[in-house]
file work_11.cif (mmCIF, C-alpha atoms)
data_model
#
loop_
_atom_site.label_atom_id
_atom_site.label_comp_id
_atom_site.auth_asym_id
_atom_site.auth_seq_id
_atom_site.Cartn_x
_atom_site.Cartn_y
_atom_site.Cartn_z
CA MET A 3 0.00 0.00 0.00
CA GLY A 4 1.19 3.56 -0.74
CA SER A 5 0.89 6.77 1.19
CA PHE A 6 -2.31 8.29 2.53
CA LEU A 7 -3.65 11.71 1.59
CA GLY A 8 -5.02 13.88 4.40
CA GLN A 9 -7.31 16.84 3.83
CA LEU A 10 -8.14 19.19 6.69
CA LYS A 11 -11.57 20.86 6.72
CA ALA A 12 -13.16 23.38 9.05
CA ASP A 13 -16.64 24.85 8.86
CA ASN A 14 -16.01 27.64 11.35
CA PRO A 15 -15.92 31.43 10.89
CA TYR A 16 -13.00 31.79 13.31
CA ILE A 17 -10.56 29.56 11.40
CA ASP A 18 -8.57 30.14 8.24
CA ILE A 19 -6.92 27.03 6.77
CA ILE A 20 -3.72 28.09 5.05
CA ASP A 21 -2.51 24.62 4.02
CA ASN A 22 -5.11 21.86 4.15
CA ILE A 23 -3.23 18.99 2.44
CA GLY A 24 -0.85 16.52 4.05
CA THR A 25 0.53 13.09 3.19
CA PHE A 26 1.11 10.12 5.50
CA ASP A 27 3.29 7.05 5.08
CA HIS A 28 1.71 3.61 5.14
CA ALA A 29 1.05 2.16 8.61
CA GLU A 30 0.17 -1.35 9.70
CA PRO A 31 -2.65 -1.94 12.22
CA GLY A 32 -1.63 -0.51 15.61
CA GLU A 33 1.23 1.57 14.16
CA THR A 34 1.56 5.36 14.05
CA THR A 35 2.51 7.43 11.04
CA LEU A 36 3.27 11.14 10.69
CA SER A 37 2.95 13.71 7.95
CA ARG A 38 6.65 14.48 8.37
CA TRP A 39 7.39 16.91 5.58
CA ASP A 40 3.98 18.31 4.75
CA TRP A 41 2.46 20.07 7.70
CA PHE A 42 -1.08 21.40 7.99
CA ARG A 43 -1.31 25.13 8.70
CA ILE A 44 -4.31 26.85 10.23
CA ARG A 45 -4.81 30.28 11.77
CA ALA A 46 -7.34 31.48 14.32
CA ARG A 47 -8.75 34.90 13.51
CA SER A 48 -8.03 37.79 15.86
CA ASP A 49 -11.65 38.22 16.94
CA VAL A 50 -12.11 34.65 18.20
CA PRO A 51 -13.20 34.59 21.87
CA VAL A 52 -10.67 32.91 24.13
CA GLU A 53 -11.35 29.20 24.77
CA THR A 54 -13.84 28.90 21.91
CA LYS A 55 -14.12 25.29 20.79
CA LEU A 56 -13.09 24.98 17.15
CA ARG A 57 -14.01 21.76 15.34
CA CYS A 58 -11.90 20.49 12.44
CA GLU A 59 -12.19 17.31 10.37
CA LEU A 60 -9.30 15.36 8.86
CA VAL A 61 -10.35 13.26 5.86
CA ILE A 62 -7.87 10.39 5.25
CA THR A 63 -7.96 8.86 1.76
CA GLU A 64 -6.12 5.94 0.09
CA SER A 65 -7.01 3.91 -3.00
CA GLN A 66 -9.13 1.44 -1.00
CA TYR A 67 -9.65 3.35 2.22
CA GLN A 68 -11.28 6.55 3.52
CA ASP A 69 -11.99 7.75 7.02
CA THR A 70 -12.89 11.02 8.77
CA ILE A 71 -11.34 11.98 12.08
CA GLU A 72 -12.69 14.81 14.22
CA ILE A 73 -10.01 17.11 15.65
CA PRO A 74 -11.19 19.33 18.53
CA LEU A 75 -9.23 22.54 19.06
CA ILE A 76 -9.52 25.32 21.63
CA ALA A 77 -8.53 28.90 20.79
CA GLY A 78 -6.20 30.26 23.42
CA ASP A 79 -6.10 29.67 27.16
CA SER A 80 -7.99 31.81 29.67
CA MET A 81 -5.10 31.37 32.10
CA ASN A 82 -3.16 33.76 29.86
CA LEU A 83 -5.70 36.52 30.50
CA PRO A 84 -6.06 38.88 33.47
CA VAL A 85 -9.01 38.84 35.84
CA GLY A 86 -11.47 41.48 34.69
CA PRO A 87 -12.11 44.05 33.56
CA ASP A 88 -14.80 45.22 35.94
CA ASN A 89 -17.40 47.83 35.00
CA TYR A 90 -14.86 50.61 35.46
CA GLY A 91 -11.93 48.99 33.70
CA TYR A 92 -9.71 47.57 36.45
CA MET A 93 -7.82 44.35 35.74
CA ILE A 94 -5.72 42.08 37.95
CA TYR A 95 -2.68 40.61 36.19
CA ASP A 96 -0.81 37.55 37.40
CA TRP A 97 2.42 35.84 36.32
CA THR A 98 0.66 33.56 33.83
CA ASP A 99 -0.85 36.34 31.70
CA SER A 100 1.46 35.79 28.76
CA CYS A 101 -0.95 37.50 26.35
CA TYR A 102 0.18 40.77 27.95
CA GLU A 103 3.56 42.36 28.46
CA GLN A 104 2.56 43.53 31.92
CA ILE A 105 3.48 40.35 33.78
CA PRO A 106 4.07 41.30 37.46
CA GLN A 107 7.48 40.68 38.98
CA PHE A 108 8.05 39.90 42.65
CA GLN A 109 9.76 43.14 43.71
CA TRP A 110 9.54 43.01 47.49
CA LYS A 111 10.73 46.02 49.47
CA GLU A 112 11.29 45.03 53.09
CA VAL A 113 10.06 47.85 55.33
CA ARG A 114 10.27 46.09 58.67
CA GLY A 115 12.24 48.39 60.94
CA ILE A 116 12.47 51.30 58.48
CA GLY A 117 8.78 52.09 58.14
CA GLN A 118 6.34 53.35 60.72
CA ARG A 119 5.07 50.56 62.92
CA ILE A 120 1.30 50.92 63.16
CA VAL A 121 -0.04 50.62 66.69
CA ILE A 122 -3.39 49.00 66.02
CA GLY A 123 -5.80 46.84 67.93
CA ASP A 124 -7.83 43.83 66.92
CA ASP A 125 -10.57 44.74 64.40
CA GLU A 126 -9.37 48.33 64.09
CA THR A 127 -8.73 50.71 61.18
CA VAL A 128 -6.40 53.71 61.14
CA TRP A 129 -5.65 56.19 58.38
CA PHE A 130 -2.80 58.38 57.19
CA GLU A 131 -2.59 61.45 55.02
CA LEU A 132 -0.47 60.73 51.97
CA PRO A 133 2.81 62.64 51.66
CA SER A 134 2.53 65.79 49.57
CA SER A 135 5.44 64.63 47.39
CA PHE A 136 3.47 61.47 46.58
CA GLY A 137 0.32 63.33 45.62
CA PHE A 138 -3.14 61.85 45.45
CA TRP A 139 -4.18 58.23 45.27
CA ARG A 140 -6.52 58.21 42.28
CA TYR A 141 -8.81 55.21 42.64
CA TYR A 142 -11.81 54.46 40.42
CA GLY A 143 -11.39 57.89 38.87
CA THR A 144 -11.45 59.86 42.15
CA PRO A 145 -8.35 61.38 43.81
CA TYR A 146 -7.96 60.74 47.56
CA ARG A 147 -5.56 62.29 50.06
CA PHE A 148 -5.79 59.52 52.68
CA ILE A 149 -5.17 55.80 52.97
CA SER A 150 -6.95 53.63 55.55
CA ILE A 151 -5.31 50.48 56.90
CA CYS A 152 -7.34 47.74 58.60
CA SER A 153 -5.92 45.12 60.94
CA ASN A 154 -7.85 42.48 58.98
CA GLY A 155 -5.66 42.55 55.90
CA TRP A 156 -7.02 45.33 53.69
CA VAL A 157 -6.50 48.98 52.87
CA ALA A 158 -8.88 51.56 51.42
CA ALA A 159 -8.65 54.87 49.61
CA ASP A 160 -9.87 57.78 51.82
CA THR A 161 -10.80 57.51 55.50
CA THR A 162 -13.11 54.92 56.99
CA ARG A 163 -13.90 53.50 60.42
CA ARG A 164 -15.02 50.19 58.96
CA CYS A 165 -13.00 47.24 60.25
CA ASP A 166 -14.88 44.27 58.77
CA PHE A 167 -13.29 40.92 59.59
CA THR A 168 -15.82 38.77 57.73
CA ASN A 169 -14.55 38.62 54.16
CA VAL A 170 -16.89 38.48 51.16
CA GLN A 171 -16.72 38.26 47.39
CA LEU A 172 -16.25 41.60 45.66
CA PRO A 173 -18.00 43.67 44.52
CA TYR A 174 -20.52 43.72 47.34
CA THR A 175 -22.53 46.77 48.35
CA GLY A 176 -22.09 45.94 52.05
CA ALA A 177 -18.28 45.75 51.88
CA PRO A 178 -16.00 48.59 53.06
CA PRO A 179 -15.86 51.42 50.49
CA ASN A 180 -12.83 51.71 48.20
CA ILE A 181 -11.30 48.53 49.58
CA VAL A 182 -8.18 46.80 48.25
CA ALA A 183 -7.97 43.38 49.88
CA LEU A 184 -4.73 41.42 49.85
CA LEU A 185 -5.35 39.26 52.97
CA TRP A 186 -8.90 40.02 54.03
CA ASP A 187 -9.63 37.62 56.86
CA ASP A 188 -10.14 37.66 60.62
CA LEU A 189 -6.55 38.38 61.64
CA ALA A 190 -4.90 38.79 65.05
CA PRO A 191 -2.18 41.47 64.79
CA THR A 192 -2.12 41.96 68.58
CA ARG A 193 -1.14 38.33 69.10
CA TYR A 194 1.86 38.15 66.79
CA GLY A 195 3.45 40.16 64.00
CA ASN A 196 3.34 43.83 63.00
CA ILE A 197 1.89 46.14 60.36
CA TRP A 198 4.23 48.69 58.76
CA TYR A 199 3.58 51.86 56.74
CA TYR A 200 6.32 53.37 54.58
CA PHE A 201 6.81 55.96 51.84
CA ASP A 202 9.60 54.87 49.50
CA THR A 203 10.89 58.19 48.16
CA VAL A 204 13.29 56.52 45.71
CA GLN A 205 10.61 54.55 43.86
CA SER A 206 7.85 56.96 44.92
CA ARG A 207 5.45 54.35 46.26
CA ILE A 208 3.38 53.82 49.41
CA ILE A 209 4.03 50.43 51.02
CA VAL A 210 1.88 48.70 53.65
CA GLU A 211 3.30 45.43 54.96
CA PHE A 212 1.44 42.85 57.04
CA ASP A 213 4.45 41.19 58.64
CA SER A 214 3.95 37.67 60.06
CA ILE A 215 0.32 38.37 61.00
CA SER A 216 -1.50 35.29 62.35
CA TYR A 217 -5.05 34.20 61.64
CA PHE A 218 -7.47 34.72 64.53
CA GLY A 219 -8.91 31.21 64.29
CA SER A 220 -5.55 29.52 63.52
CA PRO A 221 -2.83 31.21 65.59
CA GLU A 222 -0.21 28.76 64.41
CA LYS A 223 -0.63 30.01 60.82
CA TRP A 224 0.58 33.42 59.64
CA GLU A 225 1.25 35.41 56.48
CA THR A 226 3.66 38.10 55.30
CA VAL A 227 2.22 40.17 52.45
CA GLN A 228 2.63 43.67 51.09
CA ILE A 229 0.73 46.23 49.03
CA GLN A 230 2.55 48.88 47.00
CA ILE A 231 0.72 51.89 45.56
CA TYR A 232 2.71 53.68 42.87
CA ASP A 233 2.62 57.42 42.36
CA THR A 234 1.33 59.43 39.42
CA SER A 235 4.38 58.84 37.22
CA TYR A 236 3.07 55.30 36.70
CA LEU A 237 -0.39 56.38 35.62
CA GLY A 238 -2.10 54.16 33.10
CA ALA A 239 -4.46 55.04 30.29
CA ASN A 240 -7.13 56.50 32.57
CA TYR A 241 -4.82 58.05 35.19
CA ASP A 242 -5.48 55.75 38.16
CA ASN A 243 -2.50 54.74 40.28
CA PRO A 244 -1.45 51.12 39.65
CA ILE A 245 -1.16 48.78 42.63
CA GLY A 246 1.15 45.84 43.30
CA LEU A 247 0.18 42.98 45.64
CA PHE A 248 3.14 40.92 46.86
CA PHE A 249 2.91 37.58 48.65
CA ARG A 250 6.01 36.43 50.53
CA THR A 251 4.07 33.54 52.09
CA ILE A 252 0.97 31.52 51.23
CA ASN A 253 0.53 29.43 54.37
CA ASP A 254 -3.25 29.29 54.36
CA TYR A 255 -5.45 31.66 52.28
CA THR A 256 -8.32 29.15 52.44
CA SER A 257 -10.65 31.72 54.01
CA ALA A 258 -9.30 35.04 52.69
CA THR A 259 -10.32 37.51 49.98
CA VAL A 260 -8.01 39.12 47.43
CA GLY A 261 -9.71 41.78 45.33
CA LEU A 262 -10.97 45.35 45.09
CA GLN A 263 -14.07 47.45 44.66
CA ASN A 264 -15.23 51.05 44.33
CA GLN A 265 -16.91 53.25 46.91
CA ASP A 266 -20.49 51.96 46.65
CA GLY A 267 -19.80 48.36 45.64
CA THR A 268 -21.19 48.71 42.14
CA SER A 269 -17.88 47.75 40.50
CA GLY A 270 -15.04 45.49 41.57
CA LEU A 271 -13.10 42.26 41.12
CA THR A 272 -12.41 39.13 43.15
CA TYR A 273 -9.15 37.30 42.48
CA CYS A 274 -9.54 34.82 45.31
CA TRP A 275 -12.28 34.16 47.88
CA ASN A 276 -12.20 31.32 50.41
CA GLY A 277 -9.94 29.29 48.15
CA ASN A 278 -12.06 29.86 45.03
CA TYR A 279 -10.58 31.47 41.92
CA PRO A 280 -12.07 32.71 38.64
CA ARG A 281 -11.01 30.75 35.59
CA THR A 282 -8.45 33.34 34.48
CA ALA A 283 -6.64 33.47 37.85
CA ALA A 284 -3.58 31.45 38.81
CA THR A 285 -3.54 29.88 42.27
CA LEU A 286 -1.63 32.14 44.65
CA LEU A 287 1.98 31.14 45.28
CA PRO A 288 4.62 32.43 47.68
CA LEU A 289 7.20 34.85 46.25
CA HIS A 290 4.76 35.91 43.52
CA ALA A 291 2.87 39.12 42.79
CA LEU A 292 -0.28 40.55 41.28
CA TRP A 293 -0.57 43.85 39.39
CA VAL A 294 -3.75 45.93 39.57
CA GLN A 295 -4.30 48.61 36.94
CA SER A 296 -7.24 50.20 35.18
CA ASN A 297 -7.16 50.11 31.39
CA ALA A 298 -3.39 49.78 31.25
CA CYS A 299 -2.08 51.30 28.06
CA ILE A 300 -0.37 48.08 27.01
CA SER A 301 -3.65 46.17 27.15
CA VAL A 302 -5.23 48.52 24.61
CA GLU A 303 -5.43 47.05 21.14
CA GLU A 304 -3.50 49.04 18.57
CA SER A 305 -5.86 51.39 16.76
CA ARG A 306 -6.01 52.03 13.07
CA PHE A 307 -5.21 55.71 12.58
CA GLN A 308 -7.54 57.12 9.97
CA SER A 309 -7.39 60.59 8.50
CA SER A 310 -10.84 61.36 9.84
CA VAL A 311 -9.51 60.93 13.37
CA CYS A 312 -5.84 61.83 13.22
CA ALA A 313 -4.37 63.55 10.19
CA ALA A 314 -0.82 62.87 11.36
CA SER A 315 1.24 60.15 9.71
CA VAL A 316 2.07 57.95 12.71
CA PRO A 317 5.14 55.74 12.18
CA SER A 318 5.77 52.41 13.87
CA ILE A 319 9.57 52.77 13.85
CA VAL A 320 11.26 55.87 15.26
CA SER A 321 14.92 56.82 14.95
CA ARG A 322 16.40 58.41 18.06
CA LYS A 323 18.41 60.68 15.75
CA ARG A 324 15.35 62.00 13.93
CA GLY A 325 12.83 61.69 16.77
CA LEU A 326 9.07 61.37 16.49
CA HIS A 327 7.46 64.23 14.60
CA LEU A 328 3.68 64.52 14.33
CA ASP A 329 2.34 67.46 12.39
CA ASP A 330 -1.02 68.73 11.14
CA LEU A 331 -2.81 67.44 14.25
CA PRO A 332 -6.58 67.98 14.08
CA ASP A 333 -8.60 70.00 16.57
CA GLY A 334 -9.82 66.90 18.40
CA VAL A 335 -6.41 65.87 19.74
CA ARG A 336 -5.94 66.68 23.43
CA SER A 337 -2.63 65.02 24.33
CA VAL A 338 0.10 62.74 22.99
CA GLU A 339 1.77 60.34 25.44
CA ILE A 340 4.49 57.67 25.45
CA PHE A 341 4.32 54.65 27.76
CA GLY A 342 6.88 51.96 28.52
CA LEU A 343 6.05 48.26 28.48
CA ASP A 344 5.62 48.32 32.27
CA GLY A 345 2.79 50.86 31.94
CA ARG A 346 4.88 53.76 33.26
CA GLN A 347 4.35 57.07 31.53
CA VAL A 348 7.61 58.08 29.85
CA TRP A 349 6.62 61.35 28.17
CA ARG A 350 3.57 63.54 27.67
CA SER A 351 2.68 66.61 25.64
CA ILE A 352 -0.50 68.62 25.94
CA VAL A 353 -2.00 70.16 22.81
CA PRO A 354 -3.74 73.23 24.28
CA SER A 355 -3.04 75.94 21.76
CA TYR A 356 -5.28 76.60 18.78
CA PHE A 357 -2.23 77.53 16.71
CA ARG A 358 -0.05 74.59 17.74
CA ARG A 359 -0.60 71.61 15.49
CA GLU A 360 2.61 69.60 15.80
CA ILE A 361 4.37 67.44 18.40
CA PHE A 362 8.02 66.37 18.60
CA TRP A 363 9.47 63.69 20.89
CA ASP A 364 13.25 63.52 21.06
CA GLY A 365 13.49 60.20 22.93
CA THR A 366 13.74 61.68 26.43
CA ASP A 367 11.57 61.02 29.47
CA LEU A 368 9.76 63.42 31.78
CA ASN A 369 13.09 64.18 33.50
CA TYR A 370 14.76 64.97 30.15
CA GLN A 371 16.87 61.80 30.32
CA MET A 372 17.38 59.64 27.23
CA VAL A 373 15.30 56.47 27.35
CA LYS A 374 16.61 53.11 26.17
CA SER A 375 15.99 51.81 22.67
CA GLY A 376 13.14 49.34 22.54
CA VAL A 377 9.37 49.03 22.33
CA TYR A 378 7.05 51.78 23.58
CA TYR A 379 3.39 52.70 23.23
CA LEU A 380 2.13 55.92 21.70
CA LEU A 381 -1.25 57.03 23.05
CA ILE A 382 -3.16 59.87 21.37
CA ARG A 383 -6.17 61.17 23.28
CA THR A 384 -8.92 62.92 21.37
CA ILE A 385 -12.32 64.26 22.29
CA ASP A 386 -13.80 61.02 20.94
CA GLY A 387 -11.53 58.52 22.68
CA MET A 388 -7.97 57.30 22.55
CA PHE A 389 -5.81 55.64 19.91
CA CYS A 390 -2.81 53.47 20.61
CA ARG A 391 0.14 52.35 18.48
CA LYS A 392 3.25 50.37 19.29
CA LEU A 393 6.51 52.21 18.59
CA ILE A 394 10.01 50.82 18.17
CA LEU A 395 12.68 53.33 19.18
CA LEU A 396 15.96 52.59 17.42
CA SER A 397 19.47 53.57 18.43
CA GLU A 398 21.30 56.80 17.61
CA ASN A 399 23.07 55.27 14.63
CA TYR A 400 19.93 54.41 12.68
#
call {"tool": "encode", "arguments": {"input": "work_11.cif", "output": "structure tokens"}}
result
Amino acid sequence: MGSFLGQLKADNPYIDIIDNIGTFDHAEPGETTLSRWDWFRIRARSDVPVETKLRCELVITESQYQDTIEIPLIAGDSMNLPVGPDNYGYMIYDWTDSCYEQIPQFQWKEVRGIGQRIVIGDDETVWFELPSSFGFWRYYGTPYRFISICSNGWVAADTTRRCDFTNVQLPYTGAPPNIVALLWDDLAPTRYGNIWYYFDTVQSRIIVEFDSISYFGSPEKWETVQIQIYDTSYLGANYDNPIGLFFRTINDYTSATVGLQNQDGTSGLTYCWNGNYPRTAATLLPLHALWVQSNACISVEESRFQSSVCAASVPSIVSRKRGLHLDDLPDGVRSVEIFGLDGRQVWRSIVPSYFRREIFWDGTDLNYQMVKSGVYYLLIRTIDGMFCRKLILLSENY
């Protein structure tokens, strides 16, 4: 017997078959044969929902034989996606979200002994005014001057006397307003461990550390976790401060909540609740981190710049020597911004003047220092929305 002919078929709007023909060597009963030199090639379209089941059929034909084999495929993996977004636009990224370039790194800053030790009782909440050099904490679109810290493993934007120890899924209208929960449980800070508050002036971030805090119902178990709130130089696409959640230990977490919500509980996200996770969330691990950001620039799909929206010719490759020059900007443009892959704003230019219709970026950051060559994101805000394009900044010699 000779070789077998294989023809791949798919009756599905989300699949394009680029090469549907393959050949297979003869195989005896029980043997396996491969299409070694003639691979099938298929492509999932960009608008296919993640984890959509895609059905293909492989028709095998030989002179005296024909058979049809069903081949089930799944487009993508939800584990590669962040949790969210919620109604406002917040997302929670973990270390498995390979579809995004904003994978959080475990960047722990130990503040035990250098920060302010918070004297706090069981089921108590205290608050601090944020340093003037830090600025506001913009959360769900509202700027706040205070941060509240609860002994039960959560913080909140603004002041509150709430000290809830019974954790719930978020969002929930009865939960504390503006909560960010990283270890929301009934904790016992007066029994063992400490809570520290620190302003890192070098990295310009507020750090709250729950250091070796034991669970109220299980005193032999404890956790060390940390929240970091970054200042306005890290603002994302809608100007809310990004937040890092860092887990040095995961000793229990079977009855804790990790998540966030807005002031009235109408919007929010749960990453973990009593050991339950949404499908897109990775199980919490020690020495790992989560990144919380609303509409991060790097999660925005690149827009198609059309003359009706932006008359400028927007390049995808920029020479450091020549810089980025946008001219003939239309009236609707409000600002032009550059973001790094970590979501940090590198450069920004306002377009306030009626007579000014051009923008030039010379490859420097907000402190007039040259940035490294690499990939950046250009964000143009207009009265109708925002438009994003990936830029490659090349070296001086290009």
call {"tool": "closest_residue", "arguments": {"input": "work_11.cif", "among": "A:Gln230, A:Ser206, A:Thr35, A:Gln118", "to": "A:Ser135", "atoms": "all atoms listed in the file"}}
result
A:Ser206
call {"tool": "closest_residue", "arguments": {"input": "work_11.cif", "among": "A:Tyr174, A:Phe201, A:Tyr379, A:Tyr241", "to": "A:Pro317", "atoms": "only C-alpha atoms"}}
result
A:Tyr379
call {"tool": "closest_residue", "arguments": {"input": "work_11.cif", "among": "A:Asp166, A:Asp96, A:Glu112, A:Glu360", "to": "A:Val335", "atoms": "only C-alpha atoms"}}
result
A:Glu360
call {"tool": "closest_residue", "arguments": {"input": "work_11.cif", "among": "A:Arg45, A:Arg57, A:Arg336, A:Arg147", "to": "A:Ile382", "atoms": "only C-alpha atoms"}}
result
A:Arg336
call {"tool": "atom_distance", "arguments": {"input": "work_11.cif", "atom1": "atom CA of A:Tyr142", "atom2": "atom CA of A:Ala183"}}
result
15.1 Å
call {"tool": "resolve_selection", "arguments": {"input": "work_11.cif", "expression": "the PyMOL selection byres ((chain A and resi 143) around 10)", "output": "mmCIF file with C-alpha atoms, keeping the file's coordinate frame"}}
result
data_model
loop_
_atom_site.group_PDB
_atom_site.id
_atom_site.type_symbol
_atom_site.label_atom_id
_atom_site.label_comp_id
_atom_site.auth_asym_id
_atom_site.auth_seq_id
_atom_site.Cartn_x
_atom_site.Cartn_y
_atom_site.Cartn_z
ATOM 1 C CA TYR A 90 -14.860 50.610 35.460
ATOM 2 C CA TRP A 139 -4.180 58.230 45.270
ATOM 3 C CA ARG A 140 -6.520 58.210 42.280
ATOM 4 C CA TYR A 141 -8.810 55.210 42.640
ATOM 5 C CA TYR A 142 -11.810 54.460 40.420
ATOM 6 C CA THR A 144 -11.450 59.860 42.150
ATOM 7 C CA PRO A 145 -8.350 61.380 43.810
ATOM 8 C CA TYR A 146 -7.960 60.740 47.560
ATOM 9 C CA ASN A 240 -7.130 56.500 32.570
ATOM 10 C CA TYR A 241 -4.820 58.050 35.190
ATOM 11 C CA ASP A 242 -5.480 55.750 38.160
ATOM 12 C CA ASN A 243 -2.500 54.740 40.280
ATOM 13 C CA ASN A 264 -15.230 51.050 44.330
ATOM 14 C CA SER A 296 -7.240 50.200 35.180
#
call {"tool": "resolve_selection", "arguments": {"input": "work_11.cif", "expression": "the PyMOL selection byres ((chain A and resi 215) around 7)", "output": "VMD selection string"}}
result
chain A and resid 189 to 191 194 to 196 212 to 214 216 to 217 224 to 226
call {"tool": "atom_distance", "arguments": {"input": "work_11.cif", "atom1": "atom CA of A:Ala159", "atom2": "atom CA of A:Val227"}}
result
18.5 Å
call {"tool": "resolve_selection", "arguments": {"input": "work_11.cif", "expression": "the PyMOL selection byres ((chain A and resi 203) around 12)", "output": "ChimeraX atom specification"}}
result
/A:117,133-136,200-202,204-209,232-233
call {"tool": "atom_distance", "arguments": {"input": "work_11.cif", "atom1": "atom CA of A:Gln347", "atom2": "atom CA of A:Trp363"}}
result
13.5 Å
call {"tool": "residues_around", "arguments": {"input": "work_11.cif", "residues": "A:Ile149", "least_positions_apart": "3", "cutoff": "9 Å", "atoms": "all atoms listed in the file", "output": "ChimeraX atom specification"}}
result
/A:128-132,139,146,157-162
call {"tool": "residues_around", "arguments": {"input": "work_11.cif", "residues": "A:Leu60", "least_positions_apart": "3", "cutoff": "8 Å", "atoms": "only C-alpha atoms", "output": "MDAnalysis selection string"}}
result
chainID A and resid 8:11 70:73
call {"tool": "residues_around", "arguments": {"input": "work_11.cif", "residues": "A:Gly24", "least_positions_apart": "4", "cutoff": "9 Å", "atoms": "only C-alpha atoms", "output": "VMD selection string"}}
result
chain A and resid 6 to 10 37 to 42
call {"tool": "write_last_selection", "arguments": {"input": "work_11.cif", "atoms": "C-alpha atoms", "output": "short mmCIF file (atom, residue, chain, number, x, y, z; two decimals), in the coordinates of the input"}}
result
data_model
loop_
_atom_site.label_atom_id
_atom_site.label_comp_id
_atom_site.auth_asym_id
_atom_site.auth_seq_id
_atom_site.Cartn_x
_atom_site.Cartn_y
_atom_site.Cartn_z
CA PHE A 6 -2.31 8.29 2.53
CA LEU A 7 -3.65 11.71 1.59
CA GLY A 8 -5.02 13.88 4.40
CA GLN A 9 -7.31 16.84 3.83
CA LEU A 10 -8.14 19.19 6.69
CA SER A 37 2.95 13.71 7.95
CA ARG A 38 6.65 14.48 8.37
CA TRP A 39 7.39 16.91 5.58
CA ASP A 40 3.98 18.31 4.75
CA TRP A 41 2.46 20.07 7.70
CA PHE A 42 -1.08 21.40 7.99
#
call {"tool": "residues_near_point", "arguments": {"input": "work_11.cif", "point": "(5.9, 6.1, 7.0)", "cutoff": "9 Å", "atoms": "only C-alpha atoms", "output": "PDB file with C-alpha atoms, in the frame of the given file"}}
result
ATOM      1  CA  SER A   5       0.890   6.770   1.190  1.00  0.00           C
ATOM      2  CA  PHE A  26       1.110  10.120   5.500  1.00  0.00           C
ATOM      3  CA  ASP A  27       3.290   7.050   5.080  1.00  0.00           C
ATOM      4  CA  HIS A  28       1.710   3.610   5.140  1.00  0.00           C
ATOM      5  CA  ALA A  29       1.050   2.160   8.610  1.00  0.00           C
ATOM      6  CA  THR A  34       1.560   5.360  14.050  1.00  0.00           C
ATOM      7  CA  THR A  35       2.510   7.430  11.040  1.00  0.00           C
ATOM      8  CA  LEU A  36       3.270  11.140  10.690  1.00  0.00           C
ATOM      9  CA  SER A  37       2.950  13.710   7.950  1.00  0.00           C
ATOM     10  CA  ARG A  38       6.650  14.480   8.370  1.00  0.00           C
TER      11      ARG A  38
END
call {"tool": "closest_residue", "arguments": {"input": "work_11.cif", "among": "A:Leu184, A:Arg47, A:Ile340, A:Tyr255", "to": "A:Ile19", "atoms": "all atoms listed in the file"}}
result
A:Arg47
call {"tool": "closest_residue", "arguments": {"input": "work_11.cif", "among": "A:Phe389, A:Tyr16, A:Phe341, A:Tyr273", "to": "A:Ala77", "atoms": "all atoms listed in the file"}}
result
A:Tyr16
call {"tool": "residues_around", "arguments": {"input": "work_11.cif", "residues": "A:Thr256", "least_positions_apart": "5", "cutoff": "8 Å", "atoms": "all atoms listed in the file", "output": "VMD selection string"}}
result
chain A and resid 275 to 277
call {"tool": "axis_aligned_box", "arguments": {"input": "work_11.cif", "around": "stretch 257-268 of chain A", "padding_each_side": "6 Å", "output": "lines of an AutoDock Vina configuration file"}}
result
center_x = -14.6
center_y = 42.5
center_z = 48.1
size_x = 25.2
size_y = 33.5
size_z = 23.9
call {"tool": "decode", "arguments": {"input": "work_11.cif", "residues": "stretch 132-140 of chain A", "atoms": "N, CA and C atoms", "output": "tab-separated table (two decimals), in the first residue's frame"}}
result
chain	number	residue	atom	x	y	z
A	132	LEU	N	-1.57	61.06	52.87
A	132	LEU	CA	-0.47	60.73	51.97
A	132	LEU	C	0.53	61.88	51.90
A	133	PRO	N	1.82	61.58	51.76
A	133	PRO	CA	2.81	62.64	51.66
A	133	PRO	C	2.54	63.55	50.47
A	134	SER	N	2.79	64.84	50.64
A	134	SER	CA	2.53	65.79	49.57
A	134	SER	C	3.37	65.49	48.34
A	135	SER	N	4.58	64.96	48.54
A	135	SER	CA	5.44	64.63	47.39
A	135	SER	C	4.93	63.41	46.64
A	136	PHE	N	4.08	62.61	47.27
A	136	PHE	CA	3.47	61.47	46.58
A	136	PHE	C	2.27	61.93	45.77
A	137	GLY	N	1.51	62.85	46.31
A	137	GLY	CA	0.32	63.33	45.62
A	137	GLY	C	-0.92	62.58	46.05
A	138	PHE	N	-1.88	62.51	45.16
A	138	PHE	CA	-3.14	61.85	45.45
A	138	PHE	C	-3.06	60.36	45.09
A	139	TRP	N	-3.93	59.60	45.72
A	139	TRP	CA	-4.18	58.23	45.27
A	139	TRP	C	-5.48	58.29	44.47
A	140	ARG	N	-5.34	58.19	43.15
A	140	ARG	CA	-6.52	58.21	42.28
A	140	ARG	C	-7.02	56.78	42.14
